[in-house]
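Here is the file my_file.pdb (PDB, C-alpha atoms and all ligand atoms).
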ATOM      1  CA  MET A   1      68.396-218.956 -22.713  1.00  0.00           C
ATOM      2  CA  PRO A   2      69.621-217.023 -25.779  1.00  0.00           C
ATOM      3  CA  LEU A   3      71.526-213.840 -24.980  1.00  0.00           C
ATOM      4  CA  PRO A   4      69.741-210.605 -25.911  1.00  0.00           C
ATOM      5  CA  VAL A   5      71.043-209.009 -29.119  1.00  0.00           C
ATOM      6  CA  ARG A   6      72.803-205.786 -28.163  1.00  0.00           C
ATOM      7  CA  ASN A   7      74.850-204.905 -31.194  1.00  0.00           C
ATOM      8  CA  ASN A   8      73.561-205.029 -34.769  1.00  0.00           C
ATOM      9  CA  ARG A   9      77.087-205.155 -36.141  1.00  0.00           C
ATOM     10  CA  ALA A  10      78.175-208.054 -33.916  1.00  0.00           C
ATOM     11  CA  MET A  11      80.225-210.782 -35.609  1.00  0.00           C
ATOM     12  CA  ASN A  12      77.679-213.182 -37.104  1.00  0.00           C
ATOM     13  CA  GLN A  13      79.774-216.070 -38.410  1.00  0.00           C
ATOM     14  CA  VAL A  14      83.001-217.970 -37.852  1.00  0.00           C
ATOM     15  CA  VAL A  15      84.765-220.959 -39.325  1.00  0.00           C
ATOM     16  CA  LEU A  16      85.316-223.700 -36.777  1.00  0.00           C
ATOM     17  CA  ALA A  17      89.030-224.544 -36.805  1.00  0.00           C
ATOM     18  CA  THR A  18      88.831-228.233 -35.917  1.00  0.00           C
ATOM     19  CA  ALA A  19      89.256-231.621 -37.550  1.00  0.00           C
ATOM     20  CA  ASN A  20      87.154-233.257 -34.803  1.00  0.00           C
ATOM     21  CA  PRO A  21      83.564-233.814 -36.017  1.00  0.00           C
ATOM     22  CA  HIS A  22      82.289-234.332 -32.437  1.00  0.00           C
ATOM     23  CA  LYS A  23      83.414-230.833 -31.495  1.00  0.00           C
ATOM     24  CA  VAL A  24      81.594-229.449 -34.533  1.00  0.00           C
ATOM     25  CA  ASP A  25      78.335-231.129 -33.440  1.00  0.00           C
ATOM     26  CA  GLU A  26      78.649-229.961 -29.837  1.00  0.00           C
ATOM     27  CA  MET A  27      79.641-226.385 -30.716  1.00  0.00           C
ATOM     28  CA  ARG A  28      76.840-225.995 -33.258  1.00  0.00           C
ATOM     29  CA  ALA A  29      74.273-227.264 -30.745  1.00  0.00           C
ATOM     30  CA  ILE A  30      75.599-225.040 -27.949  1.00  0.00           C
ATOM     31  CA  PHE A  31      75.929-221.840 -30.000  1.00  0.00           C
ATOM     32  CA  SER A  32      72.524-222.323 -31.631  1.00  0.00           C
ATOM     33  CA  GLU A  33      71.004-221.965 -28.151  1.00  0.00           C
ATOM     34  CA  LEU A  34      73.245-219.139 -26.973  1.00  0.00           C
ATOM     35  CA  LEU A  35      73.366-217.038 -30.148  1.00  0.00           C
ATOM     36  CA  PRO A  36      70.548-217.949 -32.550  1.00  0.00           C
ATOM     37  CA  GLY A  37      71.517-216.866 -36.075  1.00  0.00           C
ATOM     38  CA  PHE A  38      75.257-217.134 -35.400  1.00  0.00           C
ATOM     39  CA  VAL A  39      76.666-219.266 -38.234  1.00  0.00           C
ATOM     40  CA  ILE A  40      79.358-221.853 -37.581  1.00  0.00           C
ATOM     41  CA  ARG A  41      80.921-223.055 -40.825  1.00  0.00           C
ATOM     42  CA  GLY A  42      83.076-226.162 -41.092  1.00  0.00           C
ATOM     43  CA  LEU A  43      86.618-226.063 -42.461  1.00  0.00           C
ATOM     44  CA  ALA A  44      85.626-228.128 -45.509  1.00  0.00           C
ATOM     45  CA  ASP A  45      83.036-225.503 -46.313  1.00  0.00           C
ATOM     46  CA  ALA A  46      85.485-222.611 -45.961  1.00  0.00           C
ATOM     47  CA  ALA A  47      88.452-223.983 -47.915  1.00  0.00           C
ATOM     48  CA  PRO A  48      88.335-225.601 -51.381  1.00  0.00           C
ATOM     49  CA  VAL A  49      91.213-227.995 -50.533  1.00  0.00           C
ATOM     50  CA  PRO A  50      91.909-229.683 -47.198  1.00  0.00           C
ATOM     51  CA  LEU A  51      94.190-227.480 -45.089  1.00  0.00           C
ATOM     52  CA  PRO A  52      97.192-228.955 -43.279  1.00  0.00           C
ATOM     53  CA  GLU A  53      96.672-229.274 -39.513  1.00  0.00           C
ATOM     54  CA  PRO A  54      99.057-226.911 -37.682  1.00  0.00           C
ATOM     55  CA  PRO A  55     101.389-228.667 -35.215  1.00  0.00           C
ATOM     56  CA  GLU A  56     100.046-228.208 -31.682  1.00  0.00           C
ATOM     57  CA  THR A  57     103.359-227.371 -30.034  1.00  0.00           C
ATOM     58  CA  GLY A  58     101.974-225.262 -27.174  1.00  0.00           C
ATOM     59  CA  LYS A  59     102.365-226.175 -23.517  1.00  0.00           C
ATOM     60  CA  THR A  60      98.910-224.898 -22.565  1.00  0.00           C
ATOM     61  CA  PHE A  61      95.380-225.157 -23.933  1.00  0.00           C
ATOM     62  CA  LEU A  62      95.475-221.414 -24.604  1.00  0.00           C
ATOM     63  CA  GLU A  63      98.671-221.648 -26.648  1.00  0.00           C
ATOM     64  CA  ASN A  64      97.316-224.522 -28.744  1.00  0.00           C
ATOM     65  CA  ALA A  65      93.903-222.942 -29.294  1.00  0.00           C
ATOM     66  CA  THR A  66      95.686-219.768 -30.420  1.00  0.00           C
ATOM     67  CA  ILE A  67      97.947-221.717 -32.816  1.00  0.00           C
ATOM     68  CA  LYS A  68      94.887-223.352 -34.435  1.00  0.00           C
ATOM     69  CA  ALA A  69      92.706-220.229 -34.605  1.00  0.00           C
ATOM     70  CA  VAL A  70      95.490-218.065 -36.082  1.00  0.00           C
ATOM     71  CA  ALA A  71      96.712-220.680 -38.600  1.00  0.00           C
ATOM     72  CA  TYR A  72      93.252-221.440 -39.969  1.00  0.00           C
ATOM     73  CA  ALA A  73      92.157-217.780 -39.988  1.00  0.00           C
ATOM     74  CA  ARG A  74      95.209-216.846 -42.081  1.00  0.00           C
ATOM     75  CA  ALA A  75      94.691-219.853 -44.382  1.00  0.00           C
ATOM     76  CA  THR A  76      90.971-219.279 -44.992  1.00  0.00           C
ATOM     77  CA  GLY A  77      90.961-215.467 -44.859  1.00  0.00           C
ATOM     78  CA  GLN A  78      88.029-215.675 -42.427  1.00  0.00           C
ATOM     79  CA  ALA A  79      87.518-215.314 -38.679  1.00  0.00           C
ATOM     80  CA  CYS A  80      88.173-218.705 -37.069  1.00  0.00           C
ATOM     81  CA  LEU A  81      87.124-220.183 -33.753  1.00  0.00           C
ATOM     82  CA  ALA A  82      89.351-222.910 -32.286  1.00  0.00           C
ATOM     83  CA  ASP A  83      88.722-225.181 -29.301  1.00  0.00           C
ATOM     84  CA  ASP A  84      91.636-226.785 -27.514  1.00  0.00           C
ATOM     85  CA  SER A  85      90.483-229.130 -24.826  1.00  0.00           C
ATOM     86  CA  GLY A  86      91.469-232.127 -22.769  1.00  0.00           C
ATOM     87  CA  LEU A  87      91.265-234.057 -19.539  1.00  0.00           C
ATOM     88  CA  GLU A  88      93.331-233.164 -16.450  1.00  0.00           C
ATOM     89  CA  ILE A  89      93.594-235.943 -13.848  1.00  0.00           C
ATOM     90  CA  ASP A  90      94.842-234.884 -10.410  1.00  0.00           C
ATOM     91  CA  ALA A  91      96.406-238.258  -9.506  1.00  0.00           C
ATOM     92  CA  LEU A  92      98.428-238.076 -12.761  1.00  0.00           C
ATOM     93  CA  GLY A  93      99.742-234.563 -12.075  1.00  0.00           C
ATOM     94  CA  GLY A  94      97.329-233.015 -14.603  1.00  0.00           C
ATOM     95  CA  ARG A  95      98.031-235.484 -17.432  1.00  0.00           C
ATOM     96  CA  PRO A  96      96.965-236.176 -20.131  1.00  0.00           C
ATOM     97  CA  GLY A  97      96.256-232.395 -20.398  1.00  0.00           C
ATOM     98  CA  VAL A  98      97.325-230.886 -23.702  1.00  0.00           C
ATOM     99  CA  ILE A  99      98.242-234.294 -25.154  1.00  0.00           C
ATOM    100  CA  SER A 100      94.795-235.765 -24.395  1.00  0.00           C
ATOM    101  CA  SER A 101      94.015-236.624 -27.980  1.00  0.00           C
ATOM    102  CA  HIS A 102      97.296-238.582 -28.444  1.00  0.00           C
ATOM    103  CA  TYR A 103      97.971-239.778 -24.887  1.00  0.00           C
ATOM    104  CA  CYS A 104      98.473-243.411 -25.939  1.00  0.00           C
ATOM    105  CA  THR A 105     101.511-242.344 -28.004  1.00  0.00           C
ATOM    106  CA  ASP A 106     102.788-239.656 -25.594  1.00  0.00           C
ATOM    107  CA  GLY A 107     101.487-236.901 -27.857  1.00  0.00           C
ATOM    108  CA  ARG A 108     102.873-238.234 -31.152  1.00  0.00           C
ATOM    109  CA  GLU A 109     100.909-238.781 -34.377  1.00  0.00           C
ATOM    110  CA  ALA A 110     100.919-242.521 -35.102  1.00  0.00           C
ATOM    111  CA  GLY A 111      98.546-242.984 -38.001  1.00  0.00           C
ATOM    112  CA  MET A 112      95.709-244.334 -35.859  1.00  0.00           C
ATOM    113  CA  THR A 113      92.049-243.539 -36.459  1.00  0.00           C
ATOM    114  CA  ARG A 114      90.303-241.279 -33.953  1.00  0.00           C
ATOM    115  CA  SER A 115      88.349-244.183 -32.481  1.00  0.00           C
ATOM    116  CA  GLN A 116      91.478-246.367 -32.152  1.00  0.00           C
ATOM    117  CA  ARG A 117      93.164-243.490 -30.330  1.00  0.00           C
ATOM    118  CA  ASP A 118      90.179-242.932 -28.062  1.00  0.00           C
ATOM    119  CA  SER A 119      90.135-246.520 -26.860  1.00  0.00           C
ATOM    120  CA  ALA A 120      93.928-246.744 -26.458  1.00  0.00           C
ATOM    121  CA  ASN A 121      93.937-243.417 -24.555  1.00  0.00           C
ATOM    122  CA  ASN A 122      91.180-244.668 -22.268  1.00  0.00           C
ATOM    123  CA  GLN A 123      92.989-247.934 -21.614  1.00  0.00           C
ATOM    124  CA  ARG A 124      96.180-246.089 -20.698  1.00  0.00           C
ATOM    125  CA  VAL A 125      94.350-243.879 -18.191  1.00  0.00           C
ATOM    126  CA  LEU A 126      92.634-246.880 -16.571  1.00  0.00           C
ATOM    127  CA  THR A 127      95.938-248.730 -16.295  1.00  0.00           C
ATOM    128  CA  GLU A 128      97.737-245.738 -14.773  1.00  0.00           C
ATOM    129  CA  LEU A 129      94.986-245.239 -12.203  1.00  0.00           C
ATOM    130  CA  ARG A 130      94.921-248.876 -11.033  1.00  0.00           C
ATOM    131  CA  GLY A 131      94.861-248.966  -7.226  1.00  0.00           C
ATOM    132  CA  VAL A 132      93.817-245.287  -6.860  1.00  0.00           C
ATOM    133  CA  SER A 133      90.726-244.900  -4.635  1.00  0.00           C
ATOM    134  CA  PRO A 134      87.481-243.381  -6.025  1.00  0.00           C
ATOM    135  CA  GLU A 135      87.931-240.145  -3.990  1.00  0.00           C
ATOM    136  CA  ASP A 136      91.397-239.635  -5.452  1.00  0.00           C
ATOM    137  CA  ARG A 137      90.319-240.175  -9.075  1.00  0.00           C
ATOM    138  CA  THR A 138      89.256-236.533  -9.491  1.00  0.00           C
ATOM    139  CA  GLY A 139      89.779-234.494 -12.631  1.00  0.00           C
ATOM    140  CA  ARG A 140      88.220-232.116 -15.061  1.00  0.00           C
ATOM    141  CA  PHE A 141      87.645-231.557 -18.726  1.00  0.00           C
ATOM    142  CA  VAL A 142      89.040-228.162 -19.756  1.00  0.00           C
ATOM    143  CA  CYS A 143      88.105-226.220 -22.881  1.00  0.00           C
ATOM    144  CA  VAL A 144      89.785-223.043 -24.123  1.00  0.00           C
ATOM    145  CA  MET A 145      88.286-221.242 -27.116  1.00  0.00           C
ATOM    146  CA  VAL A 146      90.034-218.582 -29.189  1.00  0.00           C
ATOM    147  CA  ILE A 147      88.744-216.480 -32.080  1.00  0.00           C
ATOM    148  CA  ALA A 148      91.293-214.969 -34.483  1.00  0.00           C
ATOM    149  CA  ASP A 149      90.769-212.673 -37.461  1.00  0.00           C
ATOM    150  CA  PRO A 150      92.400-213.218 -40.907  1.00  0.00           C
ATOM    151  CA  THR A 151      95.384-211.019 -39.974  1.00  0.00           C
ATOM    152  CA  GLY A 152      96.145-213.381 -37.099  1.00  0.00           C
ATOM    153  CA  LYS A 153      94.898-210.991 -34.411  1.00  0.00           C
ATOM    154  CA  VAL A 154      93.259-212.712 -31.421  1.00  0.00           C
ATOM    155  CA  LEU A 155      89.809-211.204 -30.889  1.00  0.00           C
ATOM    156  CA  ALA A 156      88.520-213.266 -27.970  1.00  0.00           C
ATOM    157  CA  THR A 157      89.457-216.052 -25.550  1.00  0.00           C
ATOM    158  CA  ALA A 158      87.393-218.045 -23.048  1.00  0.00           C
ATOM    159  CA  ARG A 159      87.852-221.051 -20.744  1.00  0.00           C
ATOM    160  CA  GLY A 160      85.474-223.575 -19.167  1.00  0.00           C
ATOM    161  CA  GLU A 161      85.832-226.608 -16.894  1.00  0.00           C
ATOM    162  CA  PHE A 162      83.664-229.693 -16.230  1.00  0.00           C
ATOM    163  CA  PRO A 163      84.603-231.520 -12.993  1.00  0.00           C
ATOM    164  CA  GLY A 164      84.233-235.266 -12.436  1.00  0.00           C
ATOM    165  CA  ARG A 165      85.993-238.488 -11.517  1.00  0.00           C
ATOM    166  CA  ILE A 166      87.556-241.255 -13.556  1.00  0.00           C
ATOM    167  CA  GLY A 167      85.706-244.541 -13.086  1.00  0.00           C
ATOM    168  CA  GLU A 168      87.468-247.779 -12.180  1.00  0.00           C
ATOM    169  CA  ASP A 169      88.410-250.525 -14.616  1.00  0.00           C
ATOM    170  CA  GLY A 170      85.412-252.874 -14.828  1.00  0.00           C
ATOM    171  CA  GLN A 171      82.956-250.113 -13.824  1.00  0.00           C
ATOM    172  CA  VAL A 172      83.773-248.148 -17.015  1.00  0.00           C
ATOM    173  CA  PRO A 173      83.929-247.594 -20.016  1.00  0.00           C
ATOM    174  CA  ARG A 174      80.182-247.009 -20.220  1.00  0.00           C
ATOM    175  CA  GLY A 175      77.785-245.066 -22.438  1.00  0.00           C
ATOM    176  CA  ALA A 176      76.832-244.521 -26.050  1.00  0.00           C
ATOM    177  CA  HIS A 177      77.210-240.748 -26.561  1.00  0.00           C
ATOM    178  CA  GLY A 178      80.031-238.225 -26.741  1.00  0.00           C
ATOM    179  CA  PHE A 179      83.638-239.063 -27.636  1.00  0.00           C
ATOM    180  CA  GLY A 180      87.171-239.264 -26.245  1.00  0.00           C
ATOM    181  CA  TYR A 181      87.240-239.861 -22.495  1.00  0.00           C
ATOM    182  CA  ASP A 182      83.460-239.491 -21.994  1.00  0.00           C
ATOM    183  CA  PRO A 183      82.969-243.256 -21.359  1.00  0.00           C
ATOM    184  CA  LEU A 184      85.336-243.023 -18.318  1.00  0.00           C
ATOM    185  CA  PHE A 185      84.222-239.711 -16.858  1.00  0.00           C
ATOM    186  CA  LEU A 186      81.811-239.960 -13.906  1.00  0.00           C
ATOM    187  CA  VAL A 187      79.720-236.844 -13.304  1.00  0.00           C
ATOM    188  CA  GLY A 188      76.866-235.528 -11.156  1.00  0.00           C
ATOM    189  CA  PRO A 189      76.567-235.224  -7.375  1.00  0.00           C
ATOM    190  CA  GLU A 190      76.819-239.014  -6.927  1.00  0.00           C
ATOM    191  CA  PHE A 191      79.363-239.652  -9.712  1.00  0.00           C
ATOM    192  CA  ASP A 192      77.032-242.431 -10.819  1.00  0.00           C
ATOM    193  CA  ARG A 193      76.969-241.941 -14.570  1.00  0.00           C
ATOM    194  CA  THR A 194      79.510-241.167 -17.241  1.00  0.00           C
ATOM    195  CA  SER A 195      79.328-238.127 -19.488  1.00  0.00           C
ATOM    196  CA  SER A 196      78.901-240.675 -22.289  1.00  0.00           C
ATOM    197  CA  GLU A 197      75.632-241.783 -20.629  1.00  0.00           C
ATOM    198  CA  LEU A 198      74.237-238.239 -20.611  1.00  0.00           C
ATOM    199  CA  ASP A 199      72.055-237.440 -23.560  1.00  0.00           C
ATOM    200  CA  PRO A 200      73.834-234.905 -25.783  1.00  0.00           C
ATOM    201  CA  SER A 201      71.629-231.980 -24.739  1.00  0.00           C
ATOM    202  CA  THR A 202      72.398-232.619 -21.060  1.00  0.00           C
ATOM    203  CA  LYS A 203      76.147-232.814 -21.681  1.00  0.00           C
ATOM    204  CA  ASN A 204      75.913-229.616 -23.731  1.00  0.00           C
ATOM    205  CA  ARG A 205      74.255-227.848 -20.764  1.00  0.00           C
ATOM    206  CA  LEU A 206      76.946-228.853 -18.253  1.00  0.00           C
ATOM    207  CA  SER A 207      80.164-229.230 -20.180  1.00  0.00           C
ATOM    208  CA  HIS A 208      83.483-227.374 -20.260  1.00  0.00           C
ATOM    209  CA  ARG A 209      82.619-226.493 -23.867  1.00  0.00           C
ATOM    210  CA  ARG A 210      79.315-224.929 -22.771  1.00  0.00           C
ATOM    211  CA  LYS A 211      80.970-222.841 -20.075  1.00  0.00           C
ATOM    212  CA  ALA A 212      83.623-221.521 -22.454  1.00  0.00           C
ATOM    213  CA  ALA A 213      80.963-220.850 -25.116  1.00  0.00           C
ATOM    214  CA  GLU A 214      78.840-218.816 -22.662  1.00  0.00           C
ATOM    215  CA  GLN A 215      81.790-216.476 -22.012  1.00  0.00           C
ATOM    216  CA  LEU A 216      82.656-216.318 -25.690  1.00  0.00           C
ATOM    217  CA  ALA A 217      79.067-215.552 -26.708  1.00  0.00           C
ATOM    218  CA  ARG A 218      79.098-212.456 -24.509  1.00  0.00           C
ATOM    219  CA  ILE A 219      82.338-211.282 -26.089  1.00  0.00           C
ATOM    220  CA  ILE A 220      81.086-212.028 -29.631  1.00  0.00           C
ATOM    221  CA  GLN A 221      78.121-209.763 -29.023  1.00  0.00           C
ATOM    222  CA  SER A 222      80.399-206.896 -28.175  1.00  0.00           C
ATOM    223  CA  LEU A 223      82.760-207.318 -31.168  1.00  0.00           C
TER     224      LEU A 223
HETATM  225  P1  LIG B   1      91.290-230.505 -33.215  1.00  0.00           P
HETATM  226  O1  LIG B   1      92.688-230.219 -32.666  1.00  0.00           O
HETATM  227  O2  LIG B   1      91.296-230.672 -34.704  1.00  0.00           O
HETATM  228  O3  LIG B   1      90.266-229.510 -32.728  1.00  0.00           O
HETATM  229  P2  LIG B   1      91.390-232.788 -31.434  1.00  0.00           P
HETATM  230  O4  LIG B   1      90.404-233.851 -31.049  1.00  0.00           O
HETATM  231  O5  LIG B   1      92.807-233.252 -31.746  1.00  0.00           O
HETATM  232  O6  LIG B   1      90.800-231.951 -32.656  1.00  0.00           O
HETATM  233  P3  LIG B   1      92.369-231.368 -29.112  1.00  0.00           P
HETATM  234  O7  LIG B   1      93.797-231.297 -29.528  1.00  0.00           O
HETATM  235  O8  LIG B   1      91.736-230.160 -28.483  1.00  0.00           O
HETATM  236  O9  LIG B   1      91.396-231.720 -30.322  1.00  0.00           O
HETATM  237  O10 LIG B   1      92.225-232.622 -28.125  1.00  0.00           O
HETATM  238  C1  LIG B   1      91.035-232.813 -27.444  1.00  0.00           C
HETATM  239  C2  LIG B   1      91.019-234.209 -26.832  1.00  0.00           C
HETATM  240  O11 LIG B   1      90.624-234.117 -25.453  1.00  0.00           O
HETATM  241  C3  LIG B   1      89.960-235.064 -27.505  1.00  0.00           C
HETATM  242  O12 LIG B   1      90.469-235.755 -28.617  1.00  0.00           O
HETATM  243  C4  LIG B   1      89.516-235.969 -26.360  1.00  0.00           C
HETATM  244  O13 LIG B   1      90.441-237.016 -26.215  1.00  0.00           O
HETATM  245  C5  LIG B   1      89.622-235.039 -25.143  1.00  0.00           C
HETATM  246  N1  LIG B   1      88.350-234.310 -24.928  1.00  0.00           N
HETATM  247  C6  LIG B   1      88.135-232.966 -25.091  1.00  0.00           C
HETATM  248  N2  LIG B   1      86.843-232.661 -24.872  1.00  0.00           N
HETATM  249  C7  LIG B   1      86.233-233.821 -24.580  1.00  0.00           C
HETATM  250  C8  LIG B   1      84.896-234.151 -24.296  1.00  0.00           C
HETATM  251  O14 LIG B   1      83.921-233.246 -24.318  1.00  0.00           O
HETATM  252  N3  LIG B   1      84.607-235.427 -24.049  1.00  0.00           N
HETATM  253  C9  LIG B   1      85.566-236.379 -24.064  1.00  0.00           C
HETATM  254  N4  LIG B   1      86.855-236.159 -24.344  1.00  0.00           N
HETATM  255  C10 LIG B   1      87.187-234.874 -24.610  1.00  0.00           C
END
In structure tokens, write the structure found in this file.
Amino acid sequence: MPLPVRNNRAMNQVVLATANPHKVDEMRAIFSELLPGFVIRGLADAAPVPLPEPPETGKTFLENATIKAVAYARATGQACLADDSGLEIDALGGRPGVISSHYCTDGREAGMTRSQRDSANNQRVLTELRGVSPEDRTGRFVCVMVIADPTGKVLATARGEFPGRIGEDGQVPRGAHGFGYDPLFLVGPEFDRTSSELDPSTKNRLSHRRKAAEQLARIIQSL
């Protein structure tokens, strides 16, 4: 359900501070339901030349989302919304966490494509969880969103979680949608399907990104 419009002067557009095209698709779909008319522009649209990606040196999702939102807002001169997200696995002490996107190289850039990284990350998780029982393979996707203005001031923050379990080698990877760890991540009351097997609109109703966006949408309306 869209939120009722309460403030005529509410912020009505942001630049999405991400190089991940899957996040752009999910965020546009989610915000178009929550805040119809709210415009989400891509980085390529907001800057004439590609901007360097800021190093994500934070120890938390909030620190990294803030680094990205502030860096891109200053560089584009426009309000920017950043998403820092990842998978926390209890049996791995919360790893891969903030290094989710480069887990296969312990957080380092190694010149791999996004899809090469995704499959190497997934393989590492499956290997590390070998021998762990289904009940102990619990975890969650976490998403933290931050909006910063062009002066670098943080205007809003929000956090959402999506609980599930990591499937076993042989049972997963499975599914044709989503990205990253979705093909490993079993969801629902029976943990019988991966978030990659959900159709995109179902994932966008349940996900960590959706929960963070719901909080953020309320704040955006009051800005
Ligand atoms: P930007 O920093 O440019 O936004 P990124 O993909 O590097 O892009 P993050 O540093 O936030 O973004 O890392 C997020 C990683 O966490 C992502 O690459 C996936 O491996 C994982 N992840 C986050 N949300 C996910 C989701 O909805 N489904 C599957 N994996 C997800």
(Q) Env of His177 in chain A: 10 Å cut, atoms = all atoms listed in the file, seq-sep filter 6 positions within chain, self excluded. Answer as a PyMOL selection string. (A) chain A and resi 183+194-200+203
Q.
Which residue is closest to ligand LIG 1 (chain B)? Choose from A:Glu135, A:Glu214, A:Asp83, A:Asp90 and count all atoms listed in the file.
A. A:Asp83
**Q.** Residue neighbourhood Tyr181 in chain A, 10 Å, all atoms listed in the file, exclusion window fewer than 6 positions, as number ranges by chain
**A.** A: 86-87, 100-101, 118-119, 121-123, 125, 141, 166, 173, 194-196
Q: Considering only C-alpha atoms, state which residue in the set A:Leu34, A:Thr76, A:Asn20, A:Phe61 is at the smallest distance from Gly160 in chain A.
A: A:Phe61
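For the atom pair formed by CA of Asp136 in chain A and CA of Arg193 in chain A, the distance is 17.2 Å, given to one decimal.
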Q: Any chance you could resolve the PyMOL selection byres (((chain A and resi 104) around 6) and not hetatm) against this file and give the residues as a PyMOL selection string?
A: chain A and resi 102-103+105-106+120-121
Give as a JSON list (two decimals) with C-alpha atoms, in the frame of the given file every residue, naming chains and numbers as the document does, that has an atom within 8 Å of (77.1, -229.2, -27.6), counting all atoms listed in the file.
[["chain", "number", "residue", "atom", "x", "y", "z"],
["A", 23, "LYS", "CA", 83.41, -230.83, -31.50],
["A", 25, "ASP", "CA", 78.33, -231.13, -33.44],
["A", 26, "GLU", "CA", 78.65, -229.96, -29.84],
["A", 27, "MET", "CA", 79.64, -226.38, -30.72],
["A", 28, "ARG", "CA", 76.84, -226.00, -33.26],
["A", 29, "ALA", "CA", 74.27, -227.26, -30.74],
["A", 30, "ILE", "CA", 75.60, -225.04, -27.95],
["A", 31, "PHE", "CA", 75.93, -221.84, -30.00],
["A", 200, "PRO", "CA", 73.83, -234.90, -25.78],
["A", 201, "SER", "CA", 71.63, -231.98, -24.74],
["A", 203, "LYS", "CA", 76.15, -232.81, -21.68],
["A", 204, "ASN", "CA", 75.91, -229.62, -23.73],
["A", 205, "ARG", "CA", 74.26, -227.85, -20.76],
["A", 209, "ARG", "CA", 82.62, -226.49, -23.87],
["A", 210, "ARG", "CA", 79.32, -224.93, -22.77]]
Q | Minimum-distance residue to ligand LIG 1 (chain B), chosen among A:Pro55, A:Gly152, A:Gly178, A:Gly42 (using only C-alpha atoms and all ligand atoms) | A |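 Smallest separation from ligand LIG 1 (chain B) among the options: A:Gly178.
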